[in-house]
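Asker: What follows is final.csv; its format and atoms are CSV, C-alpha atoms.
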```
chain,number,residue,atom,x,y,z
A,1,MET,CA,0.0,0.0,0.0
A,2,THR,CA,1.2,3.5,-0.8
A,3,ASP,CA,0.6,6.2,1.8
A,4,LEU,CA,-1.0,9.3,0.2
A,5,LEU,CA,1.1,12.2,1.3
A,6,PHE,CA,-0.6,14.5,-1.2
A,7,ARG,CA,-3.9,13.8,0.6
A,8,GLU,CA,-2.4,15.0,3.9
A,9,ASP,CA,-0.7,18.0,2.5
A,10,ALA,CA,-1.3,19.2,-1.1
A,11,TYR,CA,1.5,21.7,-0.8
A,12,LEU,CA,4.2,19.2,-0.1
A,13,GLN,CA,6.7,19.5,-2.9
A,14,GLU,CA,9.5,17.2,-1.8
A,15,ALA,CA,9.7,14.0,0.4
A,16,GLU,CA,11.7,10.9,0.8
A,17,ALA,CA,10.3,7.4,0.3
A,18,LYS,CA,11.4,3.8,-0.1
A,19,VAL,CA,11.0,1.8,-3.4
A,20,LEU,CA,8.6,-1.1,-2.8
A,21,ARG,CA,8.6,-2.7,-6.2
A,22,HIS,CA,8.8,-2.2,-10.0
A,23,THR,CA,5.8,-3.0,-12.2
A,24,SER,CA,6.0,-5.2,-15.3
A,25,GLU,CA,5.4,-2.0,-17.4
A,26,GLY,CA,8.4,-0.2,-15.9
A,27,GLY,CA,6.7,1.8,-13.3
A,28,VAL,CA,7.9,2.5,-9.7
A,29,VAL,CA,5.8,1.9,-6.6
A,30,LEU,CA,6.9,3.8,-3.4
A,31,ASP,CA,5.8,3.3,0.2
A,32,ARG,CA,4.6,6.9,0.3
A,33,THR,CA,4.1,9.5,-2.3
A,34,ILE,CA,3.5,13.2,-3.0
A,35,PHE,CA,2.5,12.4,-6.6
A,36,TYR,CA,-1.2,12.6,-7.3
A,37,PRO,CA,-2.5,9.8,-9.7
A,38,THR,CA,-4.7,10.5,-12.6
A,39,GLY,CA,-8.3,10.5,-11.5
A,40,GLY,CA,-11.5,12.5,-11.2
A,41,GLY,CA,-10.6,14.5,-14.3
A,42,GLN,CA,-7.2,15.6,-12.8
A,43,PRO,CA,-4.0,14.6,-14.6
A,44,GLY,CA,-1.4,12.6,-12.8
A,45,ASP,CA,1.6,14.5,-11.4
A,46,SER,CA,5.0,14.7,-13.0
A,47,GLY,CA,8.5,15.4,-11.5
A,48,ARG,CA,11.5,13.3,-10.7
A,49,LEU,CA,13.1,10.9,-8.3
A,50,ASP,CA,16.7,11.3,-7.1
A,51,TRP,CA,18.8,8.8,-5.2
A,52,SER,CA,22.4,7.7,-4.5
A,53,GLU,CA,23.6,4.3,-5.8
A,54,GLY,CA,27.1,3.1,-4.9
A,55,GLY,CA,28.1,6.7,-4.0
A,56,THR,CA,26.9,7.9,-7.4
A,57,LYS,CA,23.9,10.2,-7.8
A,58,ALA,CA,21.1,9.0,-10.0
A,59,GLY,CA,17.8,10.3,-11.1
A,60,LEU,CA,14.6,9.5,-13.0
A,61,THR,CA,12.2,11.8,-14.7
A,62,ILE,CA,8.5,11.0,-13.9
A,63,ALA,CA,6.1,11.7,-16.8
A,64,THR,CA,2.8,10.9,-15.0
A,65,THR,CA,1.3,9.0,-12.1
A,66,VAL,CA,-1.5,6.4,-12.1
A,67,LYS,CA,-3.3,4.1,-9.8
A,68,GLY,CA,-2.3,0.5,-9.6
A,69,ALA,CA,-4.7,-2.3,-10.3
A,70,PRO,CA,-7.5,-2.4,-7.7
A,71,ASN,CA,-6.7,-4.7,-4.9
A,72,ALA,CA,-8.3,-4.5,-1.5
A,73,ALA,CA,-5.2,-5.9,0.1
A,74,ARG,CA,-2.7,-3.5,-1.5
A,75,GLU,CA,-3.7,-0.2,-3.1
A,76,GLU,CA,-0.7,1.3,-4.9
A,77,ILE,CA,0.3,4.5,-6.7
A,78,VAL,CA,2.6,3.9,-9.8
A,79,LEU,CA,5.1,6.5,-11.0
A,80,ILE,CA,5.6,6.3,-14.8
A,81,PRO,CA,9.1,7.2,-16.1
A,82,ALA,CA,9.2,9.7,-19.0
A,83,GLU,CA,11.4,7.2,-21.0
A,84,PRO,CA,13.0,3.8,-20.5
A,85,ALA,CA,15.8,4.2,-17.9
A,86,PRO,CA,17.4,2.4,-15.0
A,87,LEU,CA,15.0,2.3,-12.1
A,88,PRO,CA,16.0,2.9,-8.4
A,89,PRO,CA,16.6,-0.6,-6.9
A,90,ILE,CA,13.9,-2.0,-4.6
A,91,GLY,CA,14.5,-0.9,-1.0
A,92,THR,CA,16.3,2.3,-2.1
A,93,THR,CA,15.4,5.5,-0.4
A,94,VAL,CA,14.6,8.1,-3.0
A,95,THR,CA,13.8,11.8,-2.9
A,96,GLN,CA,10.6,12.7,-4.7
A,97,ARG,CA,10.5,16.2,-6.3
A,98,LEU,CA,7.2,17.4,-7.7
A,99,ASP,CA,6.7,19.6,-10.8
A,100,TRP,CA,5.2,22.1,-8.5
A,101,MET,CA,4.2,24.7,-11.0
A,102,ARG,CA,2.1,22.2,-13.0
A,103,ARG,CA,0.5,20.7,-9.9
A,104,HIS,CA,-0.3,24.2,-8.4
A,105,HIS,CA,-2.0,25.1,-11.7
A,106,HIS,CA,-4.1,21.9,-11.5
A,107,MET,CA,-5.1,22.9,-7.9
A,108,ARG,CA,-6.2,26.3,-9.0
A,109,ILE,CA,-8.2,25.0,-12.0
A,110,HIS,CA,-9.7,22.2,-9.9
A,111,THR,CA,-10.9,24.6,-7.2
A,112,ALA,CA,-12.2,27.0,-9.7
A,113,LEU,CA,-14.3,24.2,-11.3
A,114,HIS,CA,-15.9,23.6,-7.9
A,115,LEU,CA,-16.9,27.2,-7.8
A,116,LEU,CA,-18.2,27.0,-11.4
A,117,SER,CA,-20.6,24.3,-10.2
A,118,VAL,CA,-21.9,26.7,-7.6
A,119,VAL,CA,-22.5,29.5,-10.1
A,120,LEU,CA,-24.1,27.0,-12.5
A,121,PRO,CA,-26.1,24.7,-10.2
A,122,TYR,CA,-26.9,21.9,-12.7
A,123,PRO,CA,-25.9,18.2,-12.7
A,124,VAL,CA,-22.4,17.7,-13.9
A,125,THR,CA,-22.0,15.2,-16.7
A,126,GLY,CA,-18.2,15.4,-17.2
A,127,GLY,CA,-15.1,17.5,-16.7
A,128,ALA,CA,-11.4,17.8,-17.3
A,129,ILE,CA,-8.5,19.7,-15.6
A,130,GLY,CA,-5.4,21.1,-17.3
A,131,ALA,CA,-2.5,23.3,-16.2
A,132,GLU,CA,-3.9,26.4,-17.9
A,133,LYS,CA,-7.6,25.5,-18.5
A,134,GLY,CA,-10.4,23.2,-17.5
A,135,ARG,CA,-14.0,22.5,-18.3
A,136,LEU,CA,-17.2,21.1,-16.9
A,137,ASP,CA,-20.1,19.6,-18.8
A,138,PHE,CA,-23.6,20.3,-17.4
A,139,GLN,CA,-27.0,18.8,-18.0
A,140,MET,CA,-28.4,22.2,-19.0
A,141,PRO,CA,-31.1,22.4,-21.7
A,142,GLU,CA,-31.0,26.2,-22.1
A,143,PRO,CA,-27.9,28.2,-23.2
A,144,ILE,CA,-26.1,30.6,-21.0
A,145,ALA,CA,-27.6,34.0,-21.6
A,146,ASP,CA,-24.8,36.3,-20.4
A,147,LYS,CA,-21.2,35.0,-20.6
A,148,GLN,CA,-19.8,38.1,-19.0
A,149,ALA,CA,-22.2,37.9,-16.0
A,150,LEU,CA,-21.1,34.2,-15.5
A,151,GLU,CA,-17.4,35.3,-15.5
A,152,ASP,CA,-18.1,38.1,-13.1
A,153,ASP,CA,-20.1,35.8,-10.7
A,154,LEU,CA,-17.3,33.2,-10.7
A,155,ASN,CA,-14.6,35.8,-10.0
A,156,ALA,CA,-16.7,37.4,-7.2
A,157,LEU,CA,-16.6,34.0,-5.4
A,158,ILE,CA,-12.9,33.7,-5.9
A,159,GLU,CA,-12.3,37.2,-4.5
A,160,ARG,CA,-14.2,36.3,-1.3
A,161,ASP,CA,-11.1,34.5,-0.2
A,162,LEU,CA,-13.1,31.5,1.2
A,163,VAL,CA,-11.3,28.7,3.1
A,164,VAL,CA,-11.1,25.4,1.3
A,165,SER,CA,-11.1,22.5,3.7
A,166,GLU,CA,-11.9,18.8,3.8
A,167,ASP,CA,-14.1,16.5,5.8
A,168,TRP,CA,-15.0,12.9,5.8
A,169,ILE,CA,-18.2,10.9,5.9
A,170,THR,CA,-18.9,7.2,5.9
A,171,ASP,CA,-20.0,5.4,2.7
A,172,GLU,CA,-23.3,4.8,4.5
A,173,ASP,CA,-23.8,8.6,5.1
A,174,LEU,CA,-23.1,9.3,1.5
A,175,ALA,CA,-25.6,6.7,0.3
A,176,ALA,CA,-28.2,8.4,2.6
A,177,ASN,CA,-27.4,11.8,1.2
A,178,PRO,CA,-26.9,11.4,-2.6
A,179,ALA,CA,-27.8,15.1,-3.3
A,180,ILE,CA,-24.3,16.2,-2.4
A,181,VAL,CA,-22.9,14.2,-5.4
A,182,LYS,CA,-22.9,16.6,-8.3
A,183,THR,CA,-21.3,14.4,-10.9
A,184,MET,CA,-23.6,12.1,-12.9
A,185,SER,CA,-20.9,10.2,-14.8
A,186,VAL,CA,-18.6,9.3,-12.0
A,187,MET,CA,-19.5,8.2,-8.5
A,188,PRO,CA,-17.1,9.0,-5.6
A,189,PRO,CA,-14.8,6.1,-4.6
A,190,MET,CA,-16.6,4.0,-2.0
A,191,GLY,CA,-15.7,0.8,-0.2
A,192,GLN,CA,-11.9,1.3,-0.5
A,193,ALA,CA,-9.5,-0.1,2.0
A,194,GLN,CA,-7.3,3.0,1.6
A,195,ASN,CA,-10.2,5.2,2.9
A,196,GLU,CA,-11.5,2.7,5.4
A,197,GLY,CA,-15.0,3.0,4.2
A,198,ARG,CA,-15.1,6.8,4.2
A,199,VAL,CA,-15.6,9.4,1.5
A,200,ARG,CA,-13.7,12.6,1.4
A,201,LEU,CA,-15.6,15.9,1.1
A,202,ILE,CA,-14.3,19.2,-0.1
A,203,ARG,CA,-15.9,22.2,1.7
A,204,ILE,CA,-15.6,25.8,0.4
A,205,GLY,CA,-16.5,28.4,3.0
A,206,GLN,CA,-17.3,27.8,6.6
A,207,GLY,CA,-20.4,28.2,8.7
A,208,ARG,CA,-22.8,30.7,7.1
A,209,ASP,CA,-20.2,31.4,4.4
A,210,GLN,CA,-20.2,27.8,3.2
A,211,ILE,CA,-21.1,27.8,-0.5
A,212,ASP,CA,-20.1,24.2,-1.6
A,213,LEU,CA,-19.7,20.7,-0.2
A,214,GLN,CA,-19.1,17.8,-2.5
A,215,PRO,CA,-17.1,14.5,-2.6
A,216,CYS,CA,-13.7,14.9,-4.3
A,217,GLY,CA,-10.4,13.1,-4.0
A,218,GLY,CA,-8.3,15.7,-5.9
A,219,THR,CA,-6.0,18.5,-4.8
A,220,HIS,CA,-7.1,22.0,-4.1
A,221,VAL,CA,-5.8,25.4,-3.0
A,222,ALA,CA,-6.3,26.4,0.6
A,223,ARG,CA,-8.2,29.6,-0.1
A,224,THR,CA,-10.2,30.7,-3.2
A,225,SER,CA,-8.2,33.9,-3.6
A,226,GLU,CA,-5.2,31.7,-4.5
A,227,ILE,CA,-7.0,30.7,-7.7
A,228,GLY,CA,-6.5,34.2,-9.3
A,229,ARG,CA,-8.7,35.7,-11.9
A,230,ILE,CA,-10.5,33.2,-14.2
A,231,ARG,CA,-11.7,33.8,-17.8
A,232,ILE,CA,-14.6,32.0,-19.3
A,233,GLY,CA,-13.7,30.4,-22.6
A,234,LYS,CA,-15.9,28.5,-25.0
A,235,LEU,CA,-19.5,27.8,-24.3
A,236,GLU,CA,-20.4,24.7,-26.4
A,237,LYS,CA,-23.5,22.6,-26.9
A,238,LYS,CA,-22.7,18.9,-26.6
A,239,GLY,CA,-25.8,17.0,-27.2
A,240,ARG,CA,-29.5,17.9,-26.7
A,241,ASP,CA,-29.3,18.7,-23.0
A,242,ASN,CA,-25.6,19.0,-22.5
A,243,ARG,CA,-23.5,22.1,-22.5
A,244,ARG,CA,-19.7,22.5,-22.0
A,245,VAL,CA,-18.2,25.5,-20.2
A,246,SER,CA,-14.4,26.1,-20.4
A,247,ILE,CA,-12.4,28.2,-18.0
A,248,HIS,CA,-8.9,29.6,-18.3
A,249,LEU,CA,-6.3,31.0,-15.8
A,250,ASP,CA,-6.2,34.7,-16.7
```
Please, can you express the file's structure as C-alpha coordinates?

Answerer:
Amino acid sequence: MTDLLFREDAYLQEAEAKVLRHTSEGGVVLDRTIFYPTGGGQPGDSGRLDWSEGGTKAGLTIATTVKGAPNAAREEIVLIPAEPAPLPPIGTTVTQRLDWMRRHHHMRIHTALHLLSVVLPYPVTGGAIGAEKGRLDFQMPEPIADKQALEDDLNALIERDLVVSEDWITDEDLAANPAIVKTMSVMPPMGQAQNEGRVRLIRIGQGRDQIDLQPCGGTHVARTSEIGRIRIGKLEKKGRDNRRVSIHLD
(Lines of atoms letter the chains of each structure in order from A and count residues from 1; the text may use other names and numbers.)
(Lines give C-alpha, C1' and ligand atoms only; values in the text may rest on other atoms or scores of the structure.)
Protein backbone atom coordinates (compact mmCIF):
# COMPACT_ATOMS: atom_id res chain seq x y z
CA MET A 1 0.00 0.00 0.00
CA THR A 2 1.17 3.51 -0.79
CA ASP A 3 0.64 6.23 1.83
CA LEU A 4 -0.96 9.27 0.17
CA LEU A 5 1.12 12.20 1.33
CA PHE A 6 -0.61 14.49 -1.19
CA ARG A 7 -3.87 13.80 0.65
CA GLU A 8 -2.36 14.95 3.95
CA ASP A 9 -0.66 18.05 2.47
CA ALA A 10 -1.34 19.16 -1.11
CA TYR A 11 1.47 21.72 -0.82
CA LEU A 12 4.21 19.16 -0.10
CA GLN A 13 6.74 19.48 -2.93
CA GLU A 14 9.52 17.15 -1.81
CA ALA A 15 9.66 14.02 0.35
CA GLU A 16 11.69 10.87 0.85
CA ALA A 17 10.26 7.41 0.26
CA LYS A 18 11.35 3.79 -0.14
CA VAL A 19 10.97 1.82 -3.36
CA LEU A 20 8.59 -1.10 -2.78
CA ARG A 21 8.60 -2.67 -6.24
CA HIS A 22 8.76 -2.21 -10.00
CA THR A 23 5.78 -2.96 -12.21
CA SER A 24 6.01 -5.15 -15.29
CA GLU A 25 5.44 -2.02 -17.42
CA GLY A 26 8.45 -0.23 -15.92
CA GLY A 27 6.70 1.84 -13.27
CA VAL A 28 7.91 2.54 -9.73
CA VAL A 29 5.85 1.93 -6.58
CA LEU A 30 6.87 3.77 -3.41
CA ASP A 31 5.77 3.27 0.18
CA ARG A 32 4.60 6.92 0.34
CA THR A 33 4.14 9.55 -2.32
CA ILE A 34 3.49 13.22 -2.98
CA PHE A 35 2.49 12.43 -6.59
CA TYR A 36 -1.25 12.58 -7.30
CA PRO A 37 -2.46 9.79 -9.66
CA THR A 38 -4.72 10.45 -12.63
CA GLY A 39 -8.33 10.46 -11.50
CA GLY A 40 -11.50 12.52 -11.22
CA GLY A 41 -10.56 14.53 -14.31
CA GLN A 42 -7.24 15.64 -12.78
CA PRO A 43 -4.02 14.56 -14.56
CA GLY A 44 -1.36 12.57 -12.78
CA ASP A 45 1.58 14.51 -11.37
CA SER A 46 5.01 14.69 -12.96
CA GLY A 47 8.45 15.42 -11.51
CA ARG A 48 11.52 13.33 -10.73
CA LEU A 49 13.14 10.87 -8.34
CA ASP A 50 16.71 11.30 -7.10
CA TRP A 51 18.80 8.78 -5.19
CA SER A 52 22.35 7.66 -4.50
CA GLU A 53 23.62 4.33 -5.77
CA GLY A 54 27.08 3.14 -4.86
CA GLY A 55 28.14 6.68 -4.04
CA THR A 56 26.90 7.94 -7.40
CA LYS A 57 23.91 10.23 -7.79
CA ALA A 58 21.14 8.95 -10.03
CA GLY A 59 17.79 10.31 -11.14
CA LEU A 60 14.62 9.46 -13.03
CA THR A 61 12.15 11.84 -14.68
CA ILE A 62 8.52 10.98 -13.94
CA ALA A 63 6.08 11.74 -16.76
CA THR A 64 2.84 10.91 -14.98
CA THR A 65 1.32 9.00 -12.10
CA VAL A 66 -1.49 6.42 -12.13
CA LYS A 67 -3.34 4.14 -9.77
CA GLY A 68 -2.30 0.52 -9.63
CA ALA A 69 -4.68 -2.34 -10.29
CA PRO A 70 -7.53 -2.35 -7.74
CA ASN A 71 -6.71 -4.71 -4.90
CA ALA A 72 -8.33 -4.47 -1.48
CA ALA A 73 -5.21 -5.90 0.14
CA ARG A 74 -2.74 -3.50 -1.46
CA GLU A 75 -3.69 -0.22 -3.13
CA GLU A 76 -0.74 1.30 -4.95
CA ILE A 77 0.29 4.47 -6.75
CA VAL A 78 2.55 3.90 -9.77
CA LEU A 79 5.05 6.50 -11.01
CA ILE A 80 5.59 6.25 -14.77
CA PRO A 81 9.05 7.21 -16.13
CA ALA A 82 9.23 9.67 -19.03
CA GLU A 83 11.43 7.24 -20.99
CA PRO A 84 13.05 3.84 -20.49
CA ALA A 85 15.84 4.24 -17.95
CA PRO A 86 17.41 2.36 -15.02
CA LEU A 87 15.00 2.32 -12.08
CA PRO A 88 15.97 2.85 -8.45
CA PRO A 89 16.58 -0.58 -6.89
CA ILE A 90 13.91 -2.05 -4.62
CA GLY A 91 14.54 -0.92 -1.04
CA THR A 92 16.34 2.27 -2.11
CA THR A 93 15.45 5.54 -0.40
CA VAL A 94 14.61 8.15 -3.02
CA THR A 95 13.76 11.83 -2.89
CA GLN A 96 10.55 12.75 -4.73
CA ARG A 97 10.52 16.20 -6.34
CA LEU A 98 7.20 17.42 -7.68
CA ASP A 99 6.75 19.55 -10.79
CA TRP A 100 5.16 22.10 -8.49
CA MET A 101 4.19 24.74 -11.04
CA ARG A 102 2.14 22.21 -13.02
CA ARG A 103 0.51 20.74 -9.88
CA HIS A 104 -0.33 24.15 -8.45
CA HIS A 105 -2.03 25.12 -11.70
CA HIS A 106 -4.08 21.92 -11.45
CA MET A 107 -5.06 22.86 -7.90
CA ARG A 108 -6.16 26.31 -8.99
CA ILE A 109 -8.19 25.04 -11.95
CA HIS A 110 -9.72 22.21 -9.91
CA THR A 111 -10.90 24.55 -7.16
CA ALA A 112 -12.24 27.02 -9.73
CA LEU A 113 -14.32 24.23 -11.28
CA HIS A 114 -15.90 23.57 -7.88
CA LEU A 115 -16.91 27.23 -7.83
CA LEU A 116 -18.20 27.01 -11.40
CA SER A 117 -20.57 24.26 -10.23
CA VAL A 118 -21.86 26.71 -7.62
CA VAL A 119 -22.48 29.49 -10.13
CA LEU A 120 -24.12 26.97 -12.49
CA PRO A 121 -26.13 24.68 -10.16
CA TYR A 122 -26.85 21.93 -12.69
CA PRO A 123 -25.92 18.23 -12.68
CA VAL A 124 -22.35 17.73 -13.91
CA THR A 125 -21.96 15.17 -16.69
CA GLY A 126 -18.21 15.38 -17.18
CA GLY A 127 -15.10 17.45 -16.71
CA ALA A 128 -11.37 17.82 -17.27
CA ILE A 129 -8.53 19.69 -15.60
CA GLY A 130 -5.42 21.07 -17.28
CA ALA A 131 -2.52 23.25 -16.25
CA GLU A 132 -3.95 26.36 -17.93
CA LYS A 133 -7.61 25.54 -18.47
CA GLY A 134 -10.40 23.20 -17.46
CA ARG A 135 -14.01 22.48 -18.28
CA LEU A 136 -17.25 21.09 -16.92
CA ASP A 137 -20.13 19.61 -18.84
CA PHE A 138 -23.59 20.31 -17.45
CA GLN A 139 -27.01 18.82 -18.00
CA MET A 140 -28.43 22.19 -18.98
CA PRO A 141 -31.07 22.45 -21.75
CA GLU A 142 -30.98 26.22 -22.11
CA PRO A 143 -27.89 28.18 -23.25
CA ILE A 144 -26.08 30.62 -20.96
CA ALA A 145 -27.62 34.02 -21.61
CA ASP A 146 -24.79 36.25 -20.41
CA LYS A 147 -21.20 34.97 -20.58
CA GLN A 148 -19.76 38.10 -18.96
CA ALA A 149 -22.17 37.86 -16.03
CA LEU A 150 -21.09 34.23 -15.52
CA GLU A 151 -17.44 35.26 -15.48
CA ASP A 152 -18.15 38.12 -13.06
CA ASP A 153 -20.07 35.84 -10.69
CA LEU A 154 -17.28 33.24 -10.72
CA ASN A 155 -14.57 35.80 -9.99
CA ALA A 156 -16.67 37.36 -7.25
CA LEU A 157 -16.65 34.01 -5.42
CA ILE A 158 -12.89 33.72 -5.91
CA GLU A 159 -12.32 37.18 -4.47
CA ARG A 160 -14.25 36.31 -1.30
CA ASP A 161 -11.10 34.46 -0.16
CA LEU A 162 -13.10 31.53 1.21
CA VAL A 163 -11.34 28.75 3.10
CA VAL A 164 -11.14 25.40 1.29
CA SER A 165 -11.11 22.47 3.70
CA GLU A 166 -11.85 18.77 3.83
CA ASP A 167 -14.14 16.54 5.82
CA TRP A 168 -14.97 12.85 5.77
CA ILE A 169 -18.22 10.90 5.92
CA THR A 170 -18.90 7.19 5.86
CA ASP A 171 -19.98 5.36 2.74
CA GLU A 172 -23.33 4.82 4.45
CA ASP A 173 -23.77 8.56 5.11
CA LEU A 174 -23.09 9.33 1.46
CA ALA A 175 -25.57 6.70 0.33
CA ALA A 176 -28.15 8.37 2.57
CA ASN A 177 -27.37 11.84 1.20
CA PRO A 178 -26.95 11.40 -2.58
CA ALA A 179 -27.80 15.06 -3.27
CA ILE A 180 -24.25 16.17 -2.38
CA VAL A 181 -22.90 14.23 -5.38
CA LYS A 182 -22.90 16.64 -8.34
CA THR A 183 -21.29 14.38 -10.93
CA MET A 184 -23.59 12.11 -12.91
CA SER A 185 -20.92 10.23 -14.84
CA VAL A 186 -18.58 9.27 -11.99
CA MET A 187 -19.46 8.22 -8.45
CA PRO A 188 -17.07 8.98 -5.58
CA PRO A 189 -14.79 6.07 -4.60
CA MET A 190 -16.57 3.96 -1.98
CA GLY A 191 -15.66 0.77 -0.18
CA GLN A 192 -11.90 1.33 -0.55
CA ALA A 193 -9.48 -0.07 2.02
CA GLN A 194 -7.30 3.05 1.63
CA ASN A 195 -10.20 5.24 2.85
CA GLU A 196 -11.47 2.73 5.43
CA GLY A 197 -15.05 2.97 4.21
CA ARG A 198 -15.07 6.77 4.17
CA VAL A 199 -15.60 9.38 1.49
CA ARG A 200 -13.65 12.65 1.38
CA LEU A 201 -15.63 15.87 1.07
CA ILE A 202 -14.29 19.24 -0.06
CA ARG A 203 -15.89 22.20 1.68
CA ILE A 204 -15.64 25.78 0.38
CA GLY A 205 -16.45 28.41 2.98
CA GLN A 206 -17.30 27.82 6.62
CA GLY A 207 -20.43 28.23 8.70
CA ARG A 208 -22.82 30.70 7.12
CA ASP A 209 -20.23 31.41 4.43
CA GLN A 210 -20.22 27.80 3.20
CA ILE A 211 -21.10 27.75 -0.49
CA ASP A 212 -20.13 24.23 -1.57
CA LEU A 213 -19.69 20.72 -0.19
CA GLN A 214 -19.10 17.76 -2.48
CA PRO A 215 -17.13 14.49 -2.62
CA CYS A 216 -13.73 14.86 -4.26
CA GLY A 217 -10.38 13.09 -4.04
CA GLY A 218 -8.29 15.69 -5.88
CA THR A 219 -5.96 18.47 -4.76
CA HIS A 220 -7.14 22.04 -4.14
CA VAL A 221 -5.79 25.40 -3.03
CA ALA A 222 -6.25 26.44 0.60
CA ARG A 223 -8.25 29.61 -0.12
CA THR A 224 -10.23 30.69 -3.16
CA SER A 225 -8.24 33.91 -3.64
CA GLU A 226 -5.22 31.74 -4.52
CA ILE A 227 -6.97 30.72 -7.75
CA GLY A 228 -6.48 34.18 -9.25
CA ARG A 229 -8.72 35.65 -11.89
CA ILE A 230 -10.53 33.21 -14.19
CA ARG A 231 -11.67 33.85 -17.76
CA ILE A 232 -14.63 32.01 -19.26
CA GLY A 233 -13.69 30.39 -22.57
CA LYS A 234 -15.86 28.49 -25.02
CA LEU A 235 -19.53 27.76 -24.33
CA GLU A 236 -20.40 24.69 -26.39
CA LYS A 237 -23.52 22.62 -26.94
CA LYS A 238 -22.67 18.91 -26.55
CA GLY A 239 -25.85 17.02 -27.24
CA ARG A 240 -29.51 17.86 -26.72
CA ASP A 241 -29.32 18.73 -23.01
CA ASN A 242 -25.57 18.96 -22.47
CA ARG A 243 -23.46 22.13 -22.47
CA ARG A 244 -19.70 22.52 -21.97
CA VAL A 245 -18.19 25.50 -20.16
CA SER A 246 -14.43 26.06 -20.38
CA ILE A 247 -12.40 28.22 -18.02
CA HIS A 248 -8.86 29.61 -18.27
CA LEU A 249 -6.35 31.01 -15.81
CA ASP A 250 -6.25 34.68 -16.73

Asker: Which residues of stretch 26-111 of chain A have any atom within 6 Å of an atom in stretch 117-134 of chain A when counting all atoms listed in the file, and what is the closest pair of atoms for each, with the distance in Å to one decimal? Order the rows by chain and rising number and write it as a Markdown table.

Answerer:
```
| residue | atom | partner | partner_atom | distance |
| --- | --- | --- | --- | --- |
| A:Gly41 | CA | A:Ala128 | CA | 4.5 |
| A:Gln42 | CA | A:Ile129 | CA | 5.1 |
| A:Arg102 | CA | A:Ala131 | CA | 5.7 |
| A:His105 | CA | A:Ala131 | CA | 4.9 |
| A:His106 | CA | A:Ala131 | CA | 5.2 |
```

Asker: Can you tell me, as a list of chain:residue names, what residues are no more than 12 Å from A:Ala149 when counting all atoms listed in the file, ignoring any on the same chain fewer than 3 positions away?

Answerer: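 Result of the neighbour search: A:Val119, A:Leu120, A:Ile144, A:Ala145, A:Asp146, A:Asp152, A:Asp153, A:Leu154, A:Asn155, A:Ala156, A:Arg231, A:Ile232.
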
Asker: Using all atoms listed in the file, I'd like a table of the residues in stretch 15-35 of chain A that come within 12 Å of stretch 60-66 of chain A; for each, show the closest atom pair and its distance in Å rounded to one decimal, ordered by chain and ascending number, as a Markdown table.

Answerer:
```
| residue | atom | partner | partner_atom | distance |
| --- | --- | --- | --- | --- |
| A:Thr23 | CA | A:Val66 | CA | 11.9 |
| A:Gly26 | CA | A:Ile62 | CA | 11.4 |
| A:Gly27 | CA | A:Thr65 | CA | 9.1 |
| A:Val28 | CA | A:Ile62 | CA | 9.5 |
| A:Val29 | CA | A:Thr65 | CA | 10.0 |
| A:Leu30 | CA | A:Thr65 | CA | 11.6 |
| A:Thr33 | CA | A:Thr65 | CA | 10.2 |
| A:Ile34 | CA | A:Thr65 | CA | 10.3 |
| A:Phe35 | CA | A:Thr65 | CA | 6.6 |
```

Asker: What lies within 10 Å of A:Tyr36 using only C-alpha atoms, ignoring chain neighbours under 3 positions off, as a list in words?

Answerer: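 Contacts, in chain order: Leu4, Leu5, Phe6, Arg7, Ala10, Thr33, Gly39, Gln42, Pro43, Gly44, Asp45, Ser46, Thr64, Thr65, Val66, Lys67, Ile77, Val78, Leu79, Leu98, Arg103, Gly217, Gly218 and Thr219 of chain A.
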
Asker: What is the distance between atom CA of A:Arg32 and atom CA of A:Thr170, in Å to one decimal?

Answerer: 24.2 Å

Asker: How many Å lie between atom CA of A:Ile169 and atom CA of A:Arg203, rounded to one decimal?

Answerer: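 Taking atom CA of A:Ile169 and atom CA of A:Arg203, their separation equals 12.3 Å.
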
Asker: Tell me which of A:Ala112, A:Ala58, A:Ala69, A:Ile211 sits closest to A:Met1, counting all atoms listed in the file.

Answerer: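 Ranking A:Ala112, A:Ala58, A:Ala69, A:Ile211 by distance to A:Met1, first place goes to A:Ala69.
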
Asker: Go through A:Glu75, A:Asp209, A:Glu25, A:Asp31 and flag the residue nearest A:Val94, using all atoms listed in the file for the distances.

Answerer: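 Residue with the minimum atom-to-atom distance to A:Val94: A:Asp31.
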
Asker: For A:Asp241, which residue out of A:Pro141, A:Leu162, A:Thr38, A:Arg48 is the nearest one, using only C-alpha atoms?

Answerer: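 Smallest distance to A:Asp241 is found for A:Pro141.
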
Asker: Find the distance between atom CA of A:Lys234 and atom CA of A:Arg108 and write it in Å to one decimal.

Answerer: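 Separating atom CA of A:Lys234 from atom CA of A:Arg108 is a distance of 18.8 Å.
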
Asker: Which neighbours of A:Cys216 fall inside 9 Å, counting only C-alpha atoms, when residues of the same chain fewer than 2 positions from it are skipped, and could you give them as a count of residues only?

Answerer: 10

Asker: Could you give me, as JSON, numbers by chain, the residues within 10 Å of A:Arg160, counting all atoms listed in the file and dropping anything in the same chain fewer than 6 positions from it?

Answerer: {"A": [205, 209, 223, 224, 225]}

Asker: Counting all atoms listed in the file, find residues at most 7 Å from (-2.2, 35.5, -11.1) (file frame) and give them as a PyMOL selection string.

Answerer: chain A and resi 228-229+250

Asker: From the options A:Glu172, A:Glu83, A:Glu16, A:Glu236, which residue's atoms come nearest to A:Phe138, counting only C-alpha atoms?

Answerer: A:Glu236
